[in-house]
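Notes follow the structure.
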2 protein chains.
Amino acid sequence: MRYRSLPALPVDLSSKSEYALLALLELSPHYASGEPLQIRQIASQQNIPDRYLEQLLATLRRAGLVKSQRGARGGYLLARDPWKITLYDVVSCIEGFEGQPDPTQVADTPEAQVIQNVWGEVRQAAEGVLQKHTLQDLVEQRNAQQQVDIMYYI
Amino acid sequence: MRYRSLPALPVDLSSKSEYALLALLELSPHYASGEPLQIRQIASQQNIPDRYLEQLLATLRRAGLVKSQRGARGGYLLARDPWKITLYDVVSCIEGFEGQPDPTQVADTPEAQVIQNVWGEVRQAAEGVLQKHTLQDLVEQRNAQQQVDIMYYI
DNA sequence: AGTATACTCCGGTTCTCCACTGGGGTTTGC
DNA sequence: GCAAACCCCAGTGGAGAACCGGAGTATACT
């Protein structure tokens, strides 16, 4: 059995990453004020199971993307400016790729090697897209999208 | 519970796809002669569990990428020229993305919508890489790789 | 000081998919 | 007719995703 023994391209974008991004998009507008947001609020706003979101926020905290304030009136806030956090930062820490050995590895057959090379190309292409988007980008895209919605009376 | 209810980017490249590509790379040189190759031979050559490879080849056959010859002295052969089959053709049929509704779908919140848009970008970037490579490309890359191996006495 | 409000840590549960195995059946060449 | 091949279908077992729950800990407010 192999069970993802090879490079195992983590280009798969699960709802885990989507939840994390939704939460960070909620936190982004509150970065300036410095007011923390609670898990419950984020969860109910974006329709995410709160106990699950809790785990994701803990991962983001350990990765240094958010900071937490414990106790009453506590909650979470972004650790950096929303335009200094790329989607790659978020997805890579949630999906946890960077545990494996370097992608420029050697395969046991020449056929496997050329496939590995292509896999690496795909990975880089996907990572490139994620690296060029920041949280602030998405916030502004959402604002623009809402304008469109209003114009079309949706 | 969501369990991949949303678009669920199937950009994930599993060993399933790798096995299928390895098999097709074995078949590619035999396309000109028209001589079929048996599952057992491909499997032992590329170190793939044969009963598993059988399923993958069945999928490829139903997708019209390979043809099968039943009975004694039977086997598999490519249905088209190896330079007319892209890696996207292979991966998409094996990974089976095109079951879902169209990726340009509407999310229930504007935040989810912008994330869907990015997901679509990532998907397209990955698909673009796969679309520009053909089986024949890989065969030639492998040959070149083998030349390098010989030069360096590996 | 006490209490309510939050995060923190740890474990378990269910579901889904991947990777793989096996048992039959059918077609074909010799 | 018989062996060699494909064909179909039905499992198994592990890993991870997507949760739920409880006990503990820090903090603000009164």
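Starting from 1 in every chain, residues are counted up; chains themselves are A, B, ... following the order of the structure tokens, and ligands are numbered from 1 as listed.
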
*asked:* List the spatial neighbours of DT30 of chain D as a ChimeraX atom specification - criterion: any atom at most 12 Å away, only C-alpha atoms (C1' of nucleotides), same-chain residues fewer than 5 positions off excluded.
replied: /C:1-4

Any chance you can output those residues with N, CA, C and O atoms (P, O5', C5', C4', C3', O3' and C1' of nucleotides) as a compact mmCIF listing (two decimals), in the first residue's frame?
```
# COMPACT_ATOMS: atom_id res chain seq x y z
P DA C 1 -9.00 38.22 47.26
O5' DA C 1 -10.41 37.57 47.21
C5' DA C 1 -11.07 36.92 48.27
C4' DA C 1 -12.50 36.85 47.87
C3' DA C 1 -12.88 35.59 47.09
O3' DA C 1 -14.19 35.25 47.47
C1' DA C 1 -13.26 37.48 45.73
P DG C 2 -14.72 33.85 47.16
O5' DG C 2 -15.65 34.19 45.91
C5' DG C 2 -16.66 35.20 46.06
C4' DG C 2 -17.43 35.35 44.76
C3' DG C 2 -17.63 34.05 43.96
O3' DG C 2 -18.95 34.06 43.46
C1' DG C 2 -16.57 35.65 42.60
P DT C 3 -19.70 32.72 43.02
O5' DT C 3 -20.21 33.08 41.56
C5' DT C 3 -20.68 34.41 41.31
C4' DT C 3 -20.46 34.77 39.85
C3' DT C 3 -20.62 33.58 38.87
O3' DT C 3 -21.46 33.98 37.81
C1' DT C 3 -18.64 34.76 38.41
P DA C 4 -22.34 32.87 37.05
O5' DA C 4 -22.44 33.49 35.57
C5' DA C 4 -22.55 34.90 35.42
C4' DA C 4 -21.65 35.37 34.29
C3' DA C 4 -21.75 34.54 33.00
O3' DA C 4 -21.88 35.42 31.90
C1' DA C 4 -19.48 34.74 33.65
```

*asked:* Would you mind listing, as number ranges by chain, all residues of chain A that have at least one atom within 8 Å of chain D, where only C-alpha atoms (C1' of nucleotides) are what counts?
replied: A: 3, 49, 51-52, 70-74

Now that the selection is made, can you save its residues with N, CA, C and O atoms as a compact mmCIF listing (two decimals), in the first residue's frame?
```txt
# COMPACT_ATOMS: atom_id res chain seq x y z
N TYR A 3 -0.50 4.79 0.05
CA TYR A 3 -1.04 5.81 0.94
C TYR A 3 -0.30 7.11 0.85
O TYR A 3 0.24 7.62 1.82
N PRO A 49 -19.49 25.30 11.79
CA PRO A 49 -19.57 24.67 13.12
C PRO A 49 -18.52 25.24 14.04
O PRO A 49 -17.32 25.19 13.74
N ARG A 51 -17.21 24.51 17.01
CA ARG A 51 -16.15 23.70 17.64
C ARG A 51 -15.10 23.28 16.62
O ARG A 51 -13.96 23.00 16.98
N TYR A 52 -15.51 23.21 15.37
CA TYR A 52 -14.54 22.87 14.31
C TYR A 52 -13.68 24.08 13.99
O TYR A 52 -12.46 23.98 13.84
N ARG A 70 -7.48 35.70 25.60
CA ARG A 70 -8.25 34.78 26.43
C ARG A 70 -9.13 35.54 27.43
O ARG A 70 -8.99 36.76 27.61
N GLY A 71 -10.03 34.80 28.05
CA GLY A 71 -10.89 35.39 29.06
C GLY A 71 -12.07 36.16 28.51
O GLY A 71 -12.30 36.19 27.30
N ALA A 72 -12.81 36.77 29.43
CA ALA A 72 -13.99 37.53 29.03
C ALA A 72 -13.60 38.66 28.09
O ALA A 72 -12.50 39.23 28.21
N ARG A 73 -14.49 38.97 27.17
CA ARG A 73 -14.24 39.99 26.13
C ARG A 73 -13.04 39.62 25.28
O ARG A 73 -12.41 40.50 24.68
N GLY A 74 -12.71 38.35 25.23
CA GLY A 74 -11.57 37.91 24.44
C GLY A 74 -11.98 37.62 23.02
O GLY A 74 -13.03 38.08 22.56
```

Distance filter 6 Å, only C-alpha atoms (C1' of nucleotides), chain C against chain A, as a PDB file with all heavy atoms, in the first residue's frame:
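Printed below is iface.pdb as written:
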```pdb
ATOM      1  P    DT C   5     -22.179  34.828  30.447  1.00  0.00           P
ATOM      2  OP1  DT C   5     -23.182  35.712  29.829  1.00  0.00           O
ATOM      3  OP2  DT C   5     -22.390  33.388  30.572  1.00  0.00           O
ATOM      4  O5'  DT C   5     -20.791  35.055  29.688  1.00  0.00           O
ATOM      5  C5'  DT C   5     -20.169  36.342  29.710  1.00  0.00           C
ATOM      6  C4'  DT C   5     -18.764  36.243  29.164  1.00  0.00           C
ATOM      7  O4'  DT C   5     -17.914  35.553  30.118  1.00  0.00           O
ATOM      8  C3'  DT C   5     -18.644  35.465  27.849  1.00  0.00           C
ATOM      9  O3'  DT C   5     -17.931  36.244  26.913  1.00  0.00           O
ATOM     10  C2'  DT C   5     -17.873  34.214  28.240  1.00  0.00           C
ATOM     11  C1'  DT C   5     -17.041  34.710  29.412  1.00  0.00           C
ATOM     12  N1   DT C   5     -16.566  33.645  30.347  1.00  0.00           N
ATOM     13  C2   DT C   5     -15.229  33.592  30.680  1.00  0.00           C
ATOM     14  O2   DT C   5     -14.403  34.372  30.247  1.00  0.00           O
ATOM     15  N3   DT C   5     -14.881  32.582  31.545  1.00  0.00           N
ATOM     16  C4   DT C   5     -15.738  31.637  32.105  1.00  0.00           C
ATOM     17  O4   DT C   5     -15.314  30.783  32.867  1.00  0.00           O
ATOM     18  C5   DT C   5     -17.112  31.755  31.710  1.00  0.00           C
ATOM     19  C7   DT C   5     -18.116  30.789  32.257  1.00  0.00           C
ATOM     20  C6   DT C   5     -17.473  32.742  30.854  1.00  0.00           C
ATOM     21  P    DA C   6     -18.215  36.039  25.373  1.00  0.00           P
ATOM     22  OP1  DA C   6     -17.697  37.214  24.651  1.00  0.00           O
ATOM     23  OP2  DA C   6     -19.626  35.657  25.234  1.00  0.00           O
ATOM     24  O5'  DA C   6     -17.361  34.750  25.015  1.00  0.00           O
ATOM     25  C5'  DA C   6     -16.367  34.862  24.080  1.00  0.00           C
ATOM     26  C4'  DA C   6     -14.992  34.569  24.735  1.00  0.00           C
ATOM     27  O4'  DA C   6     -15.168  34.155  26.092  1.00  0.00           O
ATOM     28  C3'  DA C   6     -14.278  33.379  24.120  1.00  0.00           C
ATOM     29  O3'  DA C   6     -13.605  33.794  22.947  1.00  0.00           O
ATOM     30  C2'  DA C   6     -13.291  33.028  25.218  1.00  0.00           C
ATOM     31  C1'  DA C   6     -14.020  33.450  26.492  1.00  0.00           C
ATOM     32  N9   DA C   6     -14.423  32.311  27.343  1.00  0.00           N
ATOM     33  C8   DA C   6     -15.678  31.767  27.457  1.00  0.00           C
ATOM     34  N7   DA C   6     -15.748  30.761  28.298  1.00  0.00           N
ATOM     35  C5   DA C   6     -14.451  30.613  28.751  1.00  0.00           C
ATOM     36  C6   DA C   6     -13.858  29.712  29.657  1.00  0.00           C
ATOM     37  N6   DA C   6     -14.535  28.755  30.295  1.00  0.00           N
ATOM     38  N1   DA C   6     -12.537  29.847  29.886  1.00  0.00           N
ATOM     39  C2   DA C   6     -11.855  30.797  29.248  1.00  0.00           C
ATOM     40  N3   DA C   6     -12.309  31.711  28.376  1.00  0.00           N
ATOM     41  C4   DA C   6     -13.623  31.557  28.166  1.00  0.00           C
ATOM     42  P    DC C   7     -13.266  32.674  21.806  1.00  0.00           P
ATOM     43  OP1  DC C   7     -13.025  33.393  20.535  1.00  0.00           O
ATOM     44  OP2  DC C   7     -14.285  31.620  21.878  1.00  0.00           O
ATOM     45  O5'  DC C   7     -11.880  32.087  22.320  1.00  0.00           O
ATOM     46  C5'  DC C   7     -10.767  32.950  22.430  1.00  0.00           C
ATOM     47  C4'  DC C   7      -9.744  32.331  23.390  1.00  0.00           C
ATOM     48  O4'  DC C   7     -10.443  31.791  24.530  1.00  0.00           O
ATOM     49  C3'  DC C   7      -8.937  31.177  22.787  1.00  0.00           C
ATOM     50  O3'  DC C   7      -7.569  31.290  23.152  1.00  0.00           O
ATOM     51  C2'  DC C   7      -9.577  29.951  23.405  1.00  0.00           C
ATOM     52  C1'  DC C   7     -10.013  30.471  24.765  1.00  0.00           C
ATOM     53  N1   DC C   7     -11.137  29.679  25.329  1.00  0.00           N
ATOM     54  C2   DC C   7     -10.908  28.847  26.439  1.00  0.00           C
ATOM     55  O2   DC C   7      -9.768  28.791  26.915  1.00  0.00           O
ATOM     56  N3   DC C   7     -11.932  28.124  26.933  1.00  0.00           N
ATOM     57  C4   DC C   7     -13.149  28.213  26.380  1.00  0.00           C
ATOM     58  N4   DC C   7     -14.129  27.486  26.923  1.00  0.00           N
ATOM     59  C5   DC C   7     -13.396  29.056  25.262  1.00  0.00           C
ATOM     60  C6   DC C   7     -12.371  29.757  24.767  1.00  0.00           C
TER      61       DC C   7
END
```

_Using only C-alpha atoms (C1' of nucleotides), which protein or nucleic acid residues come within 9 Å of segment 108-111 of chain B? Drop anything in the same chain fewer than 4 positions from it, and give the result as a ChimeraX atom specification._
/A:21-22,25-26,46,138-139,141-143,145-146 /B:115-116

*Could you pull out all residues of segment 25-132 of chain B with a DSSP call of helix (DSSP H, G or I) and give them as a VMD selection string?*
chain B and resid 25 to 30 39 to 46 50 to 62 87 to 95 110 to 131

*Which is closest to Gly64 of chain B among B:Val148, B:Gln45, B:Ala20, B:Val90, if we use only C-alpha atoms?*
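Counting only C-alpha atoms, the residue closest to Gly64 of chain B is B:Val90.
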